[in-house]
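A.B. asks: Supplied in structure tokens, the structure appears directly below.
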Amino acid sequence: MDTKRLEAFLKVVDLGSVTRAANVLNVAQPALSQQIASLEVEFKKQLLIRSTRGVTPTEAGQILYRYAQMVQRQIEEARRSILDSGAAVSGNVTVGLAPLSTASLIAPALLREVRSRFPGIVLNIFDSFGVTLSEMTLKGRMDMAVLYGDTPVRGLSYTPLFDEPFYLVAPPAFDLGGASETAISVSELAKIDLVLPARESYLRQAVERACSEAGVRARVVAEIHALPTLATAVLEGMAATVLPWPIASTLLVGMKPVIRRIASASASLPMSLGIPDNVALSDAAFAVYGVLNEQIQALKARWPADHRQSL
């Protein structure tokens, strides 16, 4: 059996739409419909129920879906075995890293390790705004992504990594009162001028959600996307910002900014590693996947004990 037809069937069921699946797989809708029809002829059963609200699998379709997932996993295992045999690995691999997140700190070490261990792999890293990492991974334009969230869309598999709390990062001259380890309330946060990324940023959304729940509004005086510019604005005393602790402590090391945990469960977000759940990673992508996991664990090991306990 042509495994491409099984992949097409899985994607249609995952997305609940032939049209959406065709767009993700970058094939014409009639061609995709023909692949599904040929499967129905081969199994002599109707596999999908079509309606104005999309498509859902029949009982036979549900059985095929389970077995098709098993086939995809077995193919992936075969590729992993070949990879482990020591054969040379090459190819292009695209990795997404959520901007202004702890994940972005992984990029230099990831590049270095992949270059050292797999020189035949060309690594492409996305860590900029305006890119929907989950959508790009679902469409096959990205092999994997470290992103915010722990509830994947259908067609993606998420591996939880850690919970990322956000901290107020203020100029050294800011007097917030209390001990440095004391968390700042959302009400206090709302009294401080902030520079934050645009509204589509998960970080910005988390800050505004925490403020909304507390019945206050964040005082955003400027929107800045670039991390170096954001840091400059803070260090020159223009305003404060909100960042994950590892980003703040790494970027502003030696400059003694005021860094305070925000006392709100909403001022944090889970981070996950997302990959397609029904398409096997290529040999090169699987190699990078392993290195990426190693670098994530190495990064977490360097965090202070009190920060690790909060994750």
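Order determines the names: the first chain of the structure tokens is A, the second B, and so forth; residues in each chain are numbered 1 upward, and ligands are numbered 1 upward as they are shown.
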What residues in region 175-222 of chain A get the DSSP label alpha helix (DSSP H)? Please answer as a ChimeraX atom specification.

C.D. replies: /A:186-189,202-213

A.B. asks: List the neighbours of Ala265 (chain A) out to 12 Å using only C-alpha atoms; skip same-chain residues closer than 6 positions along the sequence, and give me the result as a PyMOL selection string.

C.D. replies: chain A and resi 163-167+183+185-186+206-207+209-211+213-214+310-311

A.B. asks: Within 7 Å of region 266-281 of chain A, counting only C-alpha atoms, which residues qualify if same-chain residues fewer than 3 places away don't, as an mmCIF file with C-alpha atoms, in the first residue's frame?

C.D. replies:
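Written file, result-v9.cif:
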```cif
data_model
loop_
_atom_site.group_PDB
_atom_site.id
_atom_site.type_symbol
_atom_site.label_atom_id
_atom_site.label_comp_id
_atom_site.auth_asym_id
_atom_site.auth_seq_id
_atom_site.Cartn_x
_atom_site.Cartn_y
_atom_site.Cartn_z
ATOM 1 C CA GLU A 7 -0.613 10.085 5.297
ATOM 2 C CA LEU A 10 -4.542 10.848 8.522
ATOM 3 C CA GLN A 69 -0.854 5.816 12.901
ATOM 4 C CA GLN A 72 3.661 5.823 10.454
ATOM 5 C CA ARG A 73 5.271 5.116 13.831
ATOM 6 C CA ILE A 75 8.303 3.770 9.541
ATOM 7 C CA GLU A 76 9.720 6.325 11.939
ATOM 8 C CA THR A 137 4.892 22.769 11.624
ATOM 9 C CA LEU A 138 1.446 21.457 10.704
ATOM 10 C CA ASP A 143 10.125 20.106 11.270
ATOM 11 C CA MET A 144 9.682 20.959 14.950
ATOM 12 C CA ALA A 145 9.151 23.931 17.223
ATOM 13 C CA VAL A 146 9.639 24.878 20.859
ATOM 14 C CA LEU A 147 6.571 26.981 21.517
ATOM 15 C CA TYR A 148 4.165 28.228 24.131
ATOM 16 C CA GLY A 149 1.174 26.072 24.990
ATOM 17 C CA ASP A 150 0.417 22.494 25.966
ATOM 18 C CA GLY A 155 -2.136 16.825 13.652
ATOM 19 C CA LEU A 156 0.588 17.892 16.085
ATOM 20 C CA SER A 157 2.050 16.149 19.100
ATOM 21 C CA TYR A 158 3.307 18.231 22.037
ATOM 22 C CA THR A 159 5.902 17.121 24.580
ATOM 23 C CA PRO A 160 5.682 19.328 27.707
ATOM 24 C CA LEU A 161 9.042 20.884 28.589
ATOM 25 C CA PHE A 162 8.558 23.303 31.485
ATOM 26 C CA ASP A 163 6.324 26.067 32.768
ATOM 27 C CA GLU A 164 7.801 29.482 32.055
ATOM 28 C CA PRO A 165 6.978 32.194 34.620
ATOM 29 C CA PHE A 166 7.331 35.841 33.649
ATOM 30 C CA ALA A 206 -0.164 36.586 29.281
ATOM 31 C CA VAL A 207 0.520 39.998 30.841
ATOM 32 C CA ARG A 209 -4.673 38.326 30.771
ATOM 33 C CA ALA A 210 -3.199 38.611 34.271
ATOM 34 C CA ILE A 262 4.785 38.472 39.027
ATOM 35 C CA ALA A 285 15.229 16.018 11.610
ATOM 36 C CA PHE A 286 15.374 13.148 14.083
#
```

A.B. asks: Taking 4 positions as the minimum chain separation for residues in the same chain, which residues sit within 7 Å of Thr102 (chain A) when counting only C-alpha atoms? Answer as a list of chain:residue names.

C.D. replies: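 With the cut-off at 7 Å, the set is A:Pro244, A:Pro246, A:Ile247.
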
A.B. asks: Taking C-alpha atoms for each residue, export the selection above as a tab-separated table (two decimals), in the first residue's frame.

C.D. replies:
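As a result, again.tsv now contains:
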```
chain	number	residue	atom	x	y	z
A	244	PRO	CA	11.21	35.10	31.35
A	246	PRO	CA	16.53	33.20	32.01
A	247	ILE	CA	16.24	35.83	29.26
```

A.B. asks: Identify, on the basis of only C-alpha atoms, every residue whose closest approach to Pro171 (chain A) does not exceed 12 Å; exclude the query and any residue fewer than 4 positions from it along the same chain; express the result as an MDAnalysis selection string.

C.D. replies: chainID A and resid 175:176 192:195 230:242 248 252 255:260

A.B. asks: For C-alpha atoms, I'd like the residues from the last selection saved as a JSON list (two decimals), in the first residue's frame.

C.D. replies:
```json
[["chain", "number", "residue", "atom", "x", "y", "z"],
["A", 175, "ASP", "CA", 12.37, 51.37, 43.88],
["A", 176, "LEU", "CA", 9.62, 48.76, 44.15],
["A", 192, "ILE", "CA", 4.47, 50.84, 36.06],
["A", 193, "ASP", "CA", 5.19, 52.04, 32.50],
["A", 194, "LEU", "CA", 5.98, 49.00, 30.35],
["A", 195, "VAL", "CA", 7.55, 48.34, 26.98],
["A", 230, "LEU", "CA", 13.92, 46.26, 24.60],
["A", 231, "ALA", "CA", 16.94, 45.85, 26.90],
["A", 232, "THR", "CA", 18.28, 49.28, 25.98],
["A", 233, "ALA", "CA", 14.95, 50.92, 26.83],
["A", 234, "VAL", "CA", 15.00, 49.28, 30.25],
["A", 235, "LEU", "CA", 18.64, 50.01, 31.06],
["A", 236, "GLU", "CA", 18.29, 53.67, 30.09],
["A", 237, "GLY", "CA", 15.41, 54.01, 32.53],
["A", 238, "MET", "CA", 12.68, 54.63, 29.97],
["A", 239, "ALA", "CA", 10.35, 51.93, 31.27],
["A", 240, "ALA", "CA", 10.22, 48.41, 32.61],
["A", 241, "THR", "CA", 9.36, 45.23, 30.72],
["A", 242, "VAL", "CA", 8.29, 41.64, 31.33],
["A", 248, "ALA", "CA", 16.44, 38.73, 31.71],
["A", 252, "LEU", "CA", 21.18, 42.03, 31.47],
["A", 255, "MET", "CA", 23.77, 45.55, 34.88],
["A", 256, "LYS", "CA", 21.80, 44.80, 38.07],
["A", 257, "PRO", "CA", 18.23, 45.39, 36.90],
["A", 258, "VAL", "CA", 15.33, 44.92, 39.30],
["A", 259, "ILE", "CA", 13.85, 41.49, 38.56],
["A", 260, "ARG", "CA", 10.69, 40.46, 40.41]]
```

A.B. asks: Need to verify the contact set: Leu39 (chain A), 12 Å, only C-alpha atoms, exclusion of same-chain residues closer than 2 positions in sequence. Can you return it as JSON, numbers by chain?

C.D. replies: {"A": [1, 2, 3, 4, 5, 6, 7, 8, 9, 10, 32, 33, 34, 35, 36, 37, 41, 42, 43, 44, 45, 46, 47, 48, 60, 61, 64, 65, 68]}

A.B. asks: Please produce an output containing C-alpha atoms for each residue in the selection, written as a PDB file, in the first residue's frame.

C.D. replies:
```
ATOM      1  CA  MET A   1       0.000   0.000   0.000  1.00  0.00           C
ATOM      2  CA  ASP A   2       1.167   3.535  -0.808  1.00  0.00           C
ATOM      3  CA  THR A   3       1.958   5.152   2.522  1.00  0.00           C
ATOM      4  CA  LYS A   4       1.328   8.565   0.968  1.00  0.00           C
ATOM      5  CA  ARG A   5      -2.366   7.715   0.807  1.00  0.00           C
ATOM      6  CA  LEU A   6      -2.328   6.795   4.482  1.00  0.00           C
ATOM      7  CA  GLU A   7      -0.613  10.085   5.297  1.00  0.00           C
ATOM      8  CA  ALA A   8      -3.283  11.927   3.311  1.00  0.00           C
ATOM      9  CA  PHE A   9      -6.058  10.053   5.120  1.00  0.00           C
ATOM     10  CA  LEU A  10      -4.542  10.848   8.522  1.00  0.00           C
ATOM     11  CA  LEU A  32      -6.453  14.321  -2.427  1.00  0.00           C
ATOM     12  CA  SER A  33     -10.104  13.307  -2.808  1.00  0.00           C
ATOM     13  CA  GLN A  34      -9.009  10.683  -5.326  1.00  0.00           C
ATOM     14  CA  GLN A  35      -6.496   9.267  -2.852  1.00  0.00           C
ATOM     15  CA  ILE A  36      -9.245   8.890  -0.254  1.00  0.00           C
ATOM     16  CA  ALA A  37     -11.591   7.362  -2.827  1.00  0.00           C
ATOM     17  CA  VAL A  41     -12.246   1.136  -3.057  1.00  0.00           C
ATOM     18  CA  GLU A  42      -9.334  -0.899  -1.712  1.00  0.00           C
ATOM     19  CA  PHE A  43     -11.012  -1.538   1.662  1.00  0.00           C
ATOM     20  CA  LYS A  44     -14.511  -1.805   0.133  1.00  0.00           C
ATOM     21  CA  LYS A  45     -15.796   0.432   2.923  1.00  0.00           C
ATOM     22  CA  GLN A  46     -16.798   4.053   3.283  1.00  0.00           C
ATOM     23  CA  LEU A  47     -14.096   5.662   5.410  1.00  0.00           C
ATOM     24  CA  LEU A  48     -15.334   9.231   5.784  1.00  0.00           C
ATOM     25  CA  ALA A  60     -14.151   1.570   9.398  1.00  0.00           C
ATOM     26  CA  GLY A  61     -12.342   4.894   9.068  1.00  0.00           C
ATOM     27  CA  LEU A  64      -7.922   2.509   9.559  1.00  0.00           C
ATOM     28  CA  TYR A  65      -6.881   5.695  11.375  1.00  0.00           C
ATOM     29  CA  ALA A  68      -2.325   4.111   9.833  1.00  0.00           C
TER      30      ALA A  68
END
```

A.B. asks: Go through region 45-203 of chain A and collect every residue that DSSP, computed from the backbone, puts in strand (DSSP E); the answer should be as JSON, numbers by chain.

C.D. replies: {"A": [48, 49, 50, 51, 54, 55, 56, 57, 90, 91, 92, 93, 94, 95, 96, 97, 120, 121, 122, 123, 124, 125, 126, 144, 145, 146, 147, 148, 156, 157, 158, 159, 160, 161, 162, 163, 164, 165, 166, 167, 168, 169, 170, 193, 194, 195, 196]}

A.B. asks: Could you write out that same residue set with C-alpha atoms as a tab-separated table (two decimals), in the first residue's frame?

C.D. replies:
```
chain	number	residue	atom	x	y	z
A	48	LEU	CA	-15.33	9.23	5.78
A	49	ILE	CA	-18.68	10.89	6.35
A	50	ARG	CA	-18.87	14.17	4.46
A	51	SER	CA	-21.12	17.03	5.60
A	54	GLY	CA	-16.48	18.85	7.41
A	55	VAL	CA	-15.58	15.18	7.43
A	56	THR	CA	-15.53	12.60	10.20
A	57	PRO	CA	-14.36	8.97	10.05
A	90	SER	CA	22.42	15.16	5.72
A	91	GLY	CA	19.58	17.43	4.75
A	92	ASN	CA	17.78	20.64	5.68
A	93	VAL	CA	16.03	20.90	9.05
A	94	THR	CA	13.85	23.81	10.17
A	95	VAL	CA	13.36	24.51	13.88
A	96	GLY	CA	11.08	27.12	15.41
A	97	LEU	CA	11.94	28.77	18.73
A	120	GLY	CA	25.86	17.43	6.56
A	121	ILE	CA	22.77	19.03	8.12
A	122	VAL	CA	21.82	22.59	7.19
A	123	LEU	CA	19.90	24.04	10.13
A	124	ASN	CA	17.28	26.76	9.67
A	125	ILE	CA	16.02	28.51	12.81
A	126	PHE	CA	12.93	30.70	13.08
A	144	MET	CA	9.68	20.96	14.95
A	145	ALA	CA	9.15	23.93	17.22
A	146	VAL	CA	9.64	24.88	20.86
A	147	LEU	CA	6.57	26.98	21.52
A	148	TYR	CA	4.16	28.23	24.13
A	156	LEU	CA	0.59	17.89	16.09
A	157	SER	CA	2.05	16.15	19.10
A	158	TYR	CA	3.31	18.23	22.04
A	159	THR	CA	5.90	17.12	24.58
A	160	PRO	CA	5.68	19.33	27.71
A	161	LEU	CA	9.04	20.88	28.59
A	162	PHE	CA	8.56	23.30	31.48
A	163	ASP	CA	6.32	26.07	32.77
A	164	GLU	CA	7.80	29.48	32.06
A	165	PRO	CA	6.98	32.19	34.62
A	166	PHE	CA	7.33	35.84	33.65
A	167	TYR	CA	9.14	38.51	35.66
A	168	LEU	CA	9.01	42.26	35.85
A	169	VAL	CA	12.38	43.62	34.69
A	170	ALA	CA	12.89	47.24	35.72
A	193	ASP	CA	5.19	52.04	32.50
A	194	LEU	CA	5.98	49.00	30.35
A	195	VAL	CA	7.55	48.34	26.98
A	196	LEU	CA	6.25	45.06	25.59
```

A.B. asks: Report, in Å with one decimal, the straight-line distance from CA of Glu200 (chain A) to CA of Pro152 (chain A).

C.D. replies: 17.9 Å

A.B. asks: Pick the closest to Phe118 (chain A) from A:Ala190, A:Ala88, A:Leu299, A:Ile184: which is it, counting only C-alpha atoms?

C.D. replies: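 Of all the options, A:Ala88 lies closest to Phe118 (chain A).
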
A.B. asks: Report, in Å with one decimal, the straight-line distance from CA of Phe174 (chain A) to CA of Arg261 (chain A).

C.D. replies: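 Here the two named atoms are 15.0 Å from each other.
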